[in-house]
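Student: So here's structure_30.cif (mmCIF, C-alpha atoms).
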data_data
loop_
_atom_site.group_PDB
_atom_site.id
_atom_site.type_symbol
_atom_site.label_atom_id
_atom_site.label_comp_id
_atom_site.auth_asym_id
_atom_site.auth_seq_id
_atom_site.Cartn_x
_atom_site.Cartn_y
_atom_site.Cartn_z
ATOM 1 C CA MET V 30 12.140 -14.042 10.568
ATOM 2 C CA PHE V 31 11.952 -12.296 7.191
ATOM 3 C CA ASP V 32 13.530 -14.201 4.336
ATOM 4 C CA LYS V 33 15.162 -12.007 1.685
ATOM 5 C CA ARG V 34 12.712 -13.349 -0.891
ATOM 6 C CA ILE V 35 9.803 -12.150 1.243
ATOM 7 C CA LEU V 36 11.438 -8.749 1.579
ATOM 8 C CA ASN V 37 11.898 -8.597 -2.194
ATOM 9 C CA ILE V 38 8.192 -9.349 -2.642
ATOM 10 C CA TYR V 39 7.406 -6.490 -0.251
ATOM 11 C CA CYS V 40 9.593 -4.196 -2.354
ATOM 12 C CA VAL V 41 7.858 -5.194 -5.576
ATOM 13 C CA ILE V 42 4.387 -4.713 -4.039
ATOM 14 C CA ILE V 43 5.266 -1.272 -2.653
ATOM 15 C CA GLY V 44 6.996 -0.254 -5.865
ATOM 16 C CA ALA V 45 4.160 -1.488 -8.093
ATOM 17 C CA LEU V 46 1.613 0.512 -6.091
ATOM 18 C CA PHE V 47 3.800 3.616 -6.305
ATOM 19 C CA LEU V 48 4.102 3.133 -10.064
ATOM 20 C CA LEU V 49 0.368 2.605 -10.483
ATOM 21 C CA SER V 50 -0.343 5.638 -8.309
ATOM 22 C CA GLY V 51 2.124 7.834 -10.155
ATOM 23 C CA VAL V 52 0.974 6.805 -13.629
ATOM 24 C CA GLY V 53 -2.690 7.298 -12.689
ATOM 25 C CA LYS V 54 -2.013 10.839 -11.518
ATOM 26 C CA LEU V 55 0.418 11.517 -14.364
ATOM 27 C CA MET V 56 -2.433 11.123 -16.850
ATOM 28 C CA ASP V 57 -3.790 14.371 -15.399
ATOM 29 C CA ALA V 58 -1.117 16.223 -13.420
ATOM 30 C CA GLY V 59 -3.342 19.300 -13.369
ATOM 31 C CA GLY V 60 -6.131 17.343 -11.686
ATOM 32 C CA PHE V 61 -3.674 16.142 -9.051
ATOM 33 C CA GLY V 62 -2.613 19.734 -8.413
ATOM 34 C CA ASN V 63 -6.254 20.707 -8.039
ATOM 35 C CA LEU V 64 -6.758 17.901 -5.515
ATOM 36 C CA LEU V 65 -3.782 19.133 -3.478
ATOM 37 C CA TYR V 66 -5.410 22.547 -3.398
ATOM 38 C CA GLN V 67 -8.643 20.959 -2.139
ATOM 39 C CA TYR V 68 -6.559 19.407 0.642
ATOM 40 C CA GLY V 69 -5.809 22.986 1.700
ATOM 41 C CA LEU V 70 -2.118 22.953 0.703
ATOM 42 C CA GLY V 71 -2.294 26.242 -1.222
ATOM 43 C CA TYR V 72 0.704 27.132 -3.354
ATOM 44 C CA LEU V 73 2.323 23.713 -2.850
ATOM 45 C CA VAL V 74 0.256 22.602 -5.850
ATOM 46 C CA ILE V 75 2.983 23.975 -8.121
ATOM 47 C CA LEU V 76 5.152 21.066 -6.928
ATOM 48 C CA SER V 77 2.677 18.432 -8.160
ATOM 49 C CA PRO V 78 4.628 17.526 -11.366
ATOM 50 C CA ILE V 79 7.833 17.037 -9.343
ATOM 51 C CA ILE V 80 5.995 14.880 -6.800
ATOM 52 C CA LEU V 81 4.620 12.652 -9.570
ATOM 53 C CA VAL V 82 7.995 12.118 -11.231
ATOM 54 C CA PHE V 83 9.594 11.346 -7.861
ATOM 55 C CA GLU V 84 6.808 8.896 -7.006
ATOM 56 C CA ILE V 85 7.190 7.007 -10.297
ATOM 57 C CA SER V 86 10.982 6.946 -10.007
ATOM 58 C CA LEU V 87 10.759 5.665 -6.443
ATOM 59 C CA GLY V 88 8.346 2.912 -7.451
ATOM 60 C CA LEU V 89 10.607 1.848 -10.282
ATOM 61 C CA MET V 90 13.657 1.634 -7.997
ATOM 62 C CA LEU V 91 11.781 -0.677 -5.639
ATOM 63 C CA VAL V 92 10.361 -2.882 -8.403
ATOM 64 C CA LEU V 93 13.856 -3.244 -9.893
ATOM 65 C CA LEU V 94 15.285 -3.897 -6.395
ATOM 66 C CA ILE V 95 17.815 -1.092 -6.684
ATOM 67 C CA ASN V 96 19.106 -0.374 -3.147
ATOM 68 C CA PRO V 97 15.885 -1.463 -1.361
ATOM 69 C CA ARG V 98 16.968 -0.216 2.087
ATOM 70 C CA ARG V 99 17.507 3.339 0.872
ATOM 71 C CA TYR V 100 14.415 3.616 -1.306
ATOM 72 C CA SER V 101 12.131 1.911 1.196
ATOM 73 C CA LEU V 102 13.040 4.760 3.578
ATOM 74 C CA PHE V 103 12.187 7.342 0.901
ATOM 75 C CA ALA V 104 8.924 5.479 0.235
ATOM 76 C CA PHE V 105 8.097 5.550 3.950
ATOM 77 C CA ILE V 106 8.692 9.312 4.150
ATOM 78 C CA LEU V 107 6.637 10.020 0.996
ATOM 79 C CA LEU V 108 3.785 7.788 2.173
ATOM 80 C CA LEU V 109 3.814 9.515 5.528
ATOM 81 C CA ILE V 110 3.541 12.908 3.801
ATOM 82 C CA PHE V 111 0.722 11.668 1.552
ATOM 83 C CA THR V 112 -1.181 10.182 4.482
ATOM 84 C CA ALA V 113 -0.777 13.284 6.649
ATOM 85 C CA SER V 114 -1.875 15.523 3.756
ATOM 86 C CA PHE V 115 -4.973 13.423 3.111
ATOM 87 C CA ALA V 116 -5.783 13.350 6.821
ATOM 88 C CA TYR V 117 -5.552 17.153 6.926
ATOM 89 C CA GLY V 118 -7.736 17.500 3.833
ATOM 90 C CA HIS V 119 -10.270 14.961 5.097
ATOM 91 C CA PHE V 120 -10.693 16.163 8.670
ATOM 92 C CA LYS V 121 -10.133 19.883 8.040
ATOM 93 C CA ASN V 122 -11.742 20.442 4.626
ATOM 94 C CA GLY V 123 -14.047 17.455 4.184
ATOM 95 C CA VAL V 124 -12.175 15.871 1.248
ATOM 96 C CA ASN V 125 -13.109 12.184 0.943
ATOM 97 C CA ASP V 126 -11.264 11.340 -2.261
ATOM 98 C CA CYS V 127 -7.584 10.708 -1.574
ATOM 99 C CA GLY V 128 -6.879 10.712 -5.318
ATOM 100 C CA CYS V 129 -4.055 8.233 -4.689
ATOM 101 C CA PHE V 130 -4.344 6.573 -8.097
ATOM 102 C CA GLY V 131 -5.564 9.557 -10.086
ATOM 103 C CA THR V 132 -7.722 8.668 -13.074
ATOM 104 C CA LEU V 133 -7.275 4.937 -12.366
ATOM 105 C CA GLN V 134 -9.005 5.112 -8.985
ATOM 106 C CA PRO V 135 -12.726 4.398 -8.490
ATOM 107 C CA THR V 136 -14.575 7.330 -6.970
ATOM 108 C CA ASN V 137 -16.325 5.369 -4.216
ATOM 109 C CA ILE V 138 -13.303 4.264 -2.156
ATOM 110 C CA SER V 139 -13.870 5.155 1.482
ATOM 111 C CA PRO V 140 -11.339 7.192 3.480
ATOM 112 C CA VAL V 141 -11.095 4.285 5.965
ATOM 113 C CA PHE V 142 -9.858 1.989 3.188
ATOM 114 C CA SER V 143 -7.336 4.606 2.013
ATOM 115 C CA PHE V 144 -5.931 5.104 5.517
ATOM 116 C CA THR V 145 -5.781 1.340 6.183
ATOM 117 C CA ARG V 146 -3.953 0.665 2.912
ATOM 118 C CA ASN V 147 -1.416 3.405 3.616
ATOM 119 C CA PHE V 148 -0.734 2.176 7.154
ATOM 120 C CA ILE V 149 -0.110 -1.346 5.838
ATOM 121 C CA LEU V 150 2.306 0.012 3.229
ATOM 122 C CA LEU V 151 4.056 2.119 5.864
ATOM 123 C CA GLY V 152 4.591 -1.019 7.928
ATOM 124 C CA MET V 153 5.975 -2.892 4.922
ATOM 125 C CA CYS V 154 8.381 -0.026 4.177
ATOM 126 C CA LEU V 155 9.669 -0.101 7.756
ATOM 127 C CA ILE V 156 10.159 -3.854 7.658
ATOM 128 C CA VAL V 157 12.181 -3.637 4.441
ATOM 129 C CA ARG V 158 14.241 -0.770 5.809
ATOM 130 C CA ILE V 159 15.050 -2.583 9.059
ATOM 131 C CA LYS V 160 15.323 -6.192 7.926
ATOM 132 C CA TYR V 161 16.817 -5.987 4.442
ATOM 133 C CA PRO V 162 20.503 -7.053 4.429
ATOM 134 C CA SER V 163 22.837 -4.053 4.424
ATOM 135 C CA GLU V 164 24.879 -5.417 1.564
ATOM 136 C CA LYS V 165 26.315 -3.465 -1.318
ATOM 137 C CA ILE V 166 24.083 -3.861 -4.355
ATOM 138 C CA THR V 167 25.303 -2.829 -7.783
ATOM 139 C CA ALA V 168 22.522 -2.116 -10.238
ATOM 140 C CA HIS V 169 22.861 -3.681 -13.667
ATOM 141 C CA PRO V 170 23.346 -1.187 -16.504
ATOM 142 C CA TRP V 171 20.014 -2.144 -18.089
ATOM 143 C CA LYS V 172 18.214 -1.206 -14.873
ATOM 144 C CA LYS V 173 19.819 2.243 -14.879
ATOM 145 C CA THR V 174 18.863 2.699 -18.533
ATOM 146 C CA VAL V 175 15.246 1.745 -17.830
ATOM 147 C CA ALA V 176 15.100 4.064 -14.812
ATOM 148 C CA LEU V 177 16.449 7.050 -16.762
ATOM 149 C CA GLY V 178 14.106 6.353 -19.673
ATOM 150 C CA VAL V 179 11.032 6.183 -17.459
ATOM 151 C CA MET V 180 12.042 9.374 -15.638
ATOM 152 C CA ALA V 181 12.430 11.205 -18.963
ATOM 153 C CA VAL V 182 9.012 10.055 -20.201
ATOM 154 C CA SER V 183 7.454 10.960 -16.836
ATOM 155 C CA LEU V 184 8.884 14.477 -16.967
ATOM 156 C CA PHE V 185 7.502 14.930 -20.468
ATOM 157 C CA MET V 186 4.029 13.643 -19.537
ATOM 158 C CA ALA V 187 3.919 15.728 -16.344
ATOM 159 C CA GLY V 188 4.590 18.859 -18.361
ATOM 160 C CA LEU V 189 2.047 17.824 -20.980
ATOM 161 C CA THR V 190 -0.840 17.203 -18.573
ATOM 162 C CA TYR V 191 -0.114 19.900 -15.986
ATOM 163 C CA ARG V 192 -2.102 23.122 -16.012
ATOM 164 C CA VAL V 193 -1.735 26.172 -13.812
ATOM 165 C CA PRO V 194 -4.389 26.100 -11.065
ATOM 166 C CA GLY V 195 -7.122 28.665 -11.451
ATOM 167 C CA PHE V 196 -6.207 30.600 -8.314
ATOM 168 C CA LEU V 197 -2.675 31.155 -9.656
ATOM 169 C CA ALA V 198 -3.545 32.123 -13.221
ATOM 170 C CA PRO V 199 -5.041 35.422 -14.363
ATOM 171 C CA ALA V 200 -8.821 35.195 -14.684
ATOM 172 C CA ILE V 201 -8.656 36.344 -18.295
ATOM 173 C CA ASN V 202 -6.840 33.127 -19.242
ATOM 174 C CA GLN V 203 -9.336 30.853 -17.536
ATOM 175 C CA PRO V 204 -11.970 28.927 -19.514
ATOM 176 C CA ASN V 205 -15.504 30.275 -19.003
ATOM 177 C CA SER V 206 -14.142 33.587 -17.621
ATOM 178 C CA VAL V 207 -16.580 35.336 -19.988
ATOM 179 C CA TYR V 208 -19.354 34.441 -17.510
ATOM 180 C CA GLN V 209 -17.676 36.193 -14.582
ATOM 181 C CA ASN V 210 -19.837 38.991 -13.096
ATOM 182 C CA GLN V 211 -22.357 38.691 -15.935
ATOM 183 C CA ASN V 212 -26.091 38.936 -15.329
ATOM 184 C CA ILE V 213 -27.567 35.500 -15.849
ATOM 185 C CA LYS V 214 -29.910 36.906 -18.532
ATOM 186 C CA ASN V 215 -26.898 37.793 -20.670
ATOM 187 C CA THR V 216 -25.495 34.269 -20.683
ATOM 188 C CA ALA V 217 -26.441 30.931 -22.221
ATOM 189 C CA LEU V 218 -27.154 29.698 -18.689
ATOM 190 C CA SER V 219 -30.439 31.609 -18.706
ATOM 191 C CA GLY V 220 -31.958 28.906 -20.867
ATOM 192 C CA TYR V 221 -31.598 26.362 -18.061
ATOM 193 C CA ILE V 222 -32.284 28.269 -14.855
ATOM 194 C CA LYS V 223 -34.645 30.970 -13.637
ATOM 195 C CA THR V 224 -33.185 32.936 -10.759
ATOM 196 C CA SER V 225 -34.452 35.191 -8.011
ATOM 197 C CA PRO V 226 -32.275 38.045 -6.667
ATOM 198 C CA ASP V 227 -32.747 36.900 -3.066
ATOM 199 C CA SER V 228 -31.547 33.331 -3.685
ATOM 200 C CA THR V 229 -28.239 31.657 -4.519
ATOM 201 C CA TYR V 230 -27.622 28.930 -7.075
ATOM 202 C CA LEU V 231 -24.977 26.559 -8.403
ATOM 203 C CA VAL V 232 -25.121 25.365 -12.004
ATOM 204 C CA PHE V 233 -22.973 22.237 -12.331
ATOM 205 C CA CYS V 234 -22.078 21.055 -15.846
ATOM 206 C CA PHE V 235 -20.479 17.647 -16.250
ATOM 207 C CA SER V 236 -19.938 14.673 -18.531
ATOM 208 C CA TYR V 237 -20.746 11.080 -17.575
ATOM 209 C CA THR V 238 -17.415 9.974 -19.073
ATOM 210 C CA CYS V 239 -15.191 12.520 -17.273
ATOM 211 C CA PRO V 240 -13.325 11.128 -14.220
ATOM 212 C CA HIS V 241 -12.917 14.617 -12.718
ATOM 213 C CA CYS V 242 -16.659 15.104 -12.990
ATOM 214 C CA LEU V 243 -17.286 11.848 -11.164
ATOM 215 C CA ASN V 244 -14.790 12.865 -8.491
ATOM 216 C CA SER V 245 -16.852 16.036 -7.970
ATOM 217 C CA ILE V 246 -20.279 14.467 -7.511
ATOM 218 C CA GLU V 247 -20.111 13.821 -3.766
ATOM 219 C CA ASN V 248 -18.854 17.356 -3.164
ATOM 220 C CA MET V 249 -21.642 18.768 -5.340
ATOM 221 C CA ARG V 250 -24.311 16.940 -3.318
ATOM 222 C CA LYS V 251 -23.435 18.976 -0.216
ATOM 223 C CA TYR V 252 -23.636 22.432 -1.783
ATOM 224 C CA LYS V 253 -27.397 22.689 -1.440
ATOM 225 C CA GLY V 254 -28.190 24.000 2.023
ATOM 226 C CA ASN V 255 -24.522 24.605 2.872
ATOM 227 C CA VAL V 256 -23.588 27.089 0.132
ATOM 228 C CA VAL V 257 -26.581 27.666 -2.140
ATOM 229 C CA ASP V 258 -30.355 27.424 -2.066
ATOM 230 C CA ARG V 259 -30.557 25.360 -5.236
ATOM 231 C CA VAL V 260 -28.279 23.251 -7.437
ATOM 232 C CA VAL V 261 -29.000 22.828 -11.157
ATOM 233 C CA THR V 262 -27.230 19.847 -12.704
ATOM 234 C CA LEU V 263 -26.615 19.647 -16.457
ATOM 235 C CA ALA V 264 -24.980 16.593 -18.004
ATOM 236 C CA THR V 265 -23.948 15.155 -21.347
ATOM 237 C CA GLY V 266 -22.817 11.728 -22.495
ATOM 238 C CA PRO V 267 -24.007 8.479 -24.086
ATOM 239 C CA ASP V 268 -26.910 6.503 -22.600
ATOM 240 C CA SER V 269 -24.593 3.654 -21.594
ATOM 241 C CA SER V 270 -22.494 6.032 -19.492
ATOM 242 C CA PHE V 271 -25.614 7.445 -17.848
ATOM 243 C CA LEU V 272 -26.712 3.936 -16.870
ATOM 244 C CA SER V 273 -23.297 3.304 -15.319
ATOM 245 C CA PHE V 274 -23.480 6.643 -13.497
ATOM 246 C CA ASP V 275 -26.977 5.883 -12.217
ATOM 247 C CA ARG V 276 -25.922 2.437 -11.013
ATOM 248 C CA ASN V 277 -22.846 3.698 -9.163
ATOM 249 C CA PHE V 278 -24.031 7.045 -7.773
ATOM 250 C CA HIS V 279 -27.800 6.582 -7.284
ATOM 251 C CA PRO V 280 -28.415 10.311 -7.913
ATOM 252 C CA ASP V 281 -30.871 11.912 -5.499
ATOM 253 C CA PHE V 282 -30.880 15.127 -7.548
ATOM 254 C CA ASN V 283 -32.457 16.098 -10.861
ATOM 255 C CA ILE V 284 -30.250 15.886 -13.944
ATOM 256 C CA ARG V 285 -31.026 17.565 -17.240
ATOM 257 C CA ASN V 286 -29.320 15.779 -20.106
ATOM 258 C CA LEU V 287 -27.993 17.942 -22.929
ATOM 259 C CA SER V 288 -26.645 17.041 -26.330
ATOM 260 C CA PRO V 289 -22.950 17.719 -26.940
ATOM 261 C CA VAL V 290 -23.919 20.693 -29.097
ATOM 262 C CA GLU V 291 -26.124 22.191 -26.376
ATOM 263 C CA MET V 292 -23.482 21.647 -23.723
ATOM 264 C CA GLY V 293 -20.850 23.137 -26.006
ATOM 265 C CA LYS V 294 -22.700 26.443 -25.898
ATOM 266 C CA LEU V 295 -22.226 26.521 -22.119
ATOM 267 C CA THR V 296 -18.701 25.191 -21.636
ATOM 268 C CA ASP V 297 -15.948 23.233 -23.349
ATOM 269 C CA LEU V 298 -14.379 22.206 -20.034
ATOM 270 C CA PHE V 299 -15.647 19.512 -17.663
ATOM 271 C CA PRO V 300 -16.652 19.843 -14.983
ATOM 272 C CA ALA V 301 -17.598 23.515 -14.796
ATOM 273 C CA ALA V 302 -19.588 25.159 -12.012
ATOM 274 C CA PHE V 303 -21.178 28.599 -11.834
ATOM 275 C CA TYR V 304 -22.087 30.213 -8.509
ATOM 276 C CA ILE V 305 -24.953 32.668 -8.961
ATOM 277 C CA LYS V 306 -26.008 35.388 -6.527
ATOM 278 C CA HIS V 307 -28.215 38.474 -7.085
ATOM 279 C CA ASP V 308 -28.968 37.129 -10.590
ATOM 280 C CA SER V 309 -25.262 37.343 -11.554
ATOM 281 C CA VAL V 310 -22.472 34.806 -11.956
ATOM 282 C CA LYS V 311 -20.132 35.589 -9.070
ATOM 283 C CA VAL V 312 -17.770 32.594 -9.181
ATOM 284 C CA VAL V 313 -16.701 30.244 -11.977
ATOM 285 C CA VAL V 314 -15.025 26.977 -10.970
ATOM 286 C CA ASN V 315 -13.117 25.183 -13.727
ATOM 287 C CA GLY V 316 -12.122 21.595 -13.052
ATOM 288 C CA GLU V 317 -12.971 19.396 -10.081
ATOM 289 C CA LEU V 318 -15.438 20.970 -7.683
ATOM 290 C CA PRO V 319 -13.920 21.500 -4.214
ATOM 291 C CA SER V 320 -15.757 20.579 -1.026
ATOM 292 C CA PHE V 321 -18.249 23.178 0.128
ATOM 293 C CA VAL V 322 -15.977 24.012 3.091
ATOM 294 C CA VAL V 323 -13.028 24.828 0.819
ATOM 295 C CA PHE V 324 -15.309 26.773 -1.540
ATOM 296 C CA LYS V 325 -16.736 28.915 1.268
ATOM 297 C CA ASN V 326 -13.288 29.610 2.708
ATOM 298 C CA GLN V 327 -11.738 30.418 -0.667
ATOM 299 C CA TYR V 328 -14.430 32.895 -1.670
ATOM 300 C CA SER V 329 -15.213 34.191 1.829
ATOM 301 C CA LEU V 330 -18.876 33.207 1.666
#
Starting from the file, give its structure as structure tokens.
Tutor:
Amino acid sequence: MFDKRILNIYCVIIGALFLLSGVGKLMDAGGFGNLLYQYGLGYLVILSPIILVFEISLGLMLVLLINPRRYSLFAFILLLIFTASFAYGHFKNGVNDCGCFGTLQPTNISPVFSFTRNFILLGMCLIVRIKYPSEKITAHPWKKTVALGVMAVSLFMAGLTYRVPGFLAPAINQPNSVYQNQNIKNTALSGYIKTSPDSTYLVFCFSYTCPHCLNSIENMRKYKGNVVDRVVTLATGPDSSFLSFDRNFHPDFNIRNLSPVEMGKLTDLFPAAFYIKHDSVKVVVNGELPSFVVFKNQYSL
């Protein structure tokens, strides 16, 4: 029923998607770790660099048709883990961004599409595993050389782009930690928000050109009413990027645009969020903003 050529095409498709997924996340291994934490996987985020290297290596093996039966099984298991993790994060913690392709993925992909794609790939992996001829395949030396080279580069890039998640690192080493527990009047934030001691606020600083900022927008929308009384949104970036943002996100919230110099006085990391209560900054979130459910659970609000 399944010609070997068809099975080879399946292998290349699966492998190419794994490669694309791995490379997209490899460009920001720290962001991938942060997403795993949003899923609710806690300290497993420290494994994110290893997961990325394994994913890229697995994709390469399938694209090069090195032992397809074995690596299609590994691909099936890894896909199953990814899908189950996303399902847990989506249904338990309200995470809608699977982050499957990292910085290469558009931010408006629906969870239904992500689940459907993964189920199709799972089926293809099973077909290759079951139907591929169980013949001995010897990989050409050049394929082994390419595989080792890509693994070495992936390890280097994973180490280069990985950062220790905020909840694991000492607060003193975190960007913007100077704001922690400071009265709003003693910070540069006071120029952009007037607070009342009986209300709560979130100041969200982002750049129109930052993919992690864009990944945080839908989560930020739900903070008002669920976590805080008011959200203040500050942004920076060229006019062309704002037009693209407006076209894709149709913001239903007020945005105050700041020059790079003005924004630089507030933060040098994007996105950055400041939770304010009793006129003081109680929580500083560096990097992608988690869903309001994860935020409330993490800080016992």
Student: Please, which residues in stretch 201-247 of chain V fall within 6 Å of stretch 295-315 of chain V when counting all atoms listed in the file, and what is the closest atom pair and distance in Å to one decimal for each, ordered by chain then residue number, as a Markdown table?
Tutor:
| residue | atom | partner | partner_atom | distance |
| --- | --- | --- | --- | --- |
| V:Gln209 | CA | V:Val310 | CA | 5.6 |
| V:Asn210 | CA | V:Val310 | CA | 5.1 |
| V:Gln211 | CA | V:Ser309 | CA | 5.4 |
| V:Asn212 | CA | V:Ser309 | CA | 4.2 |
| V:Ile213 | CA | V:Ser309 | CA | 5.2 |
| V:Thr224 | CA | V:Asp308 | CA | 5.9 |
| V:Pro226 | CA | V:His307 | CA | 4.1 |
| V:Thr229 | CA | V:Lys306 | CA | 4.8 |
| V:Tyr230 | CA | V:Ile305 | CA | 5.0 |
| V:Leu231 | CA | V:Tyr304 | CA | 4.7 |
| V:Val232 | CA | V:Phe303 | CA | 5.1 |
| V:Phe233 | CA | V:Ala302 | CA | 4.5 |
| V:Cys234 | CA | V:Ala301 | CA | 5.2 |
| V:Phe235 | CA | V:Pro300 | CA | 4.6 |
| V:Cys242 | CA | V:Pro300 | CA | 5.1 |
Student: Identify which of the residues V:Ser86, V:Arg34, V:Ile42, V:Phe282 lies closest to V:Ser183, counting all atoms listed in the file when measuring atom-to-atom distances.
Tutor: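 Between V:Ser86, V:Arg34, V:Ile42, V:Phe282, the residue approaching V:Ser183 most closely is V:Ser86.
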Student: Just how far from atom CA of V:Leu46 is atom CA of V:Ile95, in Å to one decimal?
Tutor: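 The value is 16.3 Å.
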Student: Excluding V:Leu93 and any residue of its chain fewer than 3 positions from it, enumerate the residues within 8 Å of it, using all atoms listed in the file, and give them as a list in words.
Tutor: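 Result of the neighbour search: Val41, Leu89, Met90 and Lys172 of chain V.
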Student: Please measure the separation of atom CA of V:Leu150 and atom CA of V:Lys33, giving the value in Å to one decimal.
Tutor: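 Taking atom CA of V:Leu150 as the start and atom CA of V:Lys33 as the end point, the length is 17.7 Å.
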Student: So the first atom is atom CA of V:Thr265 and the second is atom CA of V:Asp227; what is the distance between them in Å, to one decimal place?
Tutor: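 Atom CA of V:Thr265 sits 29.7 Å away from atom CA of V:Asp227.
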Student: To box stretch 78-88 of chain V, take all atoms listed in the file, fit an axis-aligned box, add 3 Å on each side, and give centre and edge lengths in Å to one decimal, as AutoDock Vina command-line options.
Tutor:
--center_x 7.8 --center_y 10.2 --center_z -8.9 --size_x 12.4 --size_y 20.6 --size_z 10.9
Student: So that I can check the surroundings of V:Arg98, please list as a list in words every protein, DNA and RNA residue that reaches within 10 Å of it, counting only C-alpha atoms and ignoring chain neighbours fewer than 6 positions away.
Tutor: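 Within the cut-off, the hits are Cys40, Leu91, Cys154, Leu155, Ile156, Val157, Arg158, Ile159, Lys160, Tyr161, Pro162, Ser163 and Glu164 of chain V.
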Student: Starting from the displayed file, determine the output of the PyMOL selection byres ((chain V and resi 107) around 12) and express the residue list as a PyMOL selection string.
Tutor: chain V and resi 43+47+80-81+83-85+87-88+100-106+108-114+147+150-151+154
Student: Using the chain letters and residue numbers of this document, give as an NGL selection string the residues selected by the PyMOL selection byres ((chain V and resi 220) around 12).
Tutor: :V and (213-219 or 221-224 or 232 or 261 or 263 or 285 or 287 or 291-292 or 294-295)
Student: Pick out the closest residue to V:Arg259 from this set: V:Ser225, V:Asn37, V:Asn244, V:Asn326. Count only C-alpha atoms.
Tutor: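 Under the stated criterion, the closest residue is V:Ser225.
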Student: Excluding stretch 266-276 of chain V and any residue of its chain fewer than 6 positions from it, enumerate the residues within 8 Å of it, using only C-alpha atoms, and give them as number ranges by chain.
Tutor: V: 236-238, 288-289
Student: Which residue, V:Ile246, V:Met186, V:Cys239, V:Val323, has the smallest gap to V:His279 when you use only C-alpha atoms?
Tutor: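 Using only C-alpha atoms, V:His279 sits closest to V:Ile246.
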Student: Looking at all atoms listed in the file, which of V:Ile75, V:Val175, V:Val256, V:Ile284 is the one that sits closest to V:Lys325?
Tutor: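 Ranking V:Ile75, V:Val175, V:Val256, V:Ile284 by distance to V:Lys325, first place goes to V:Val256.
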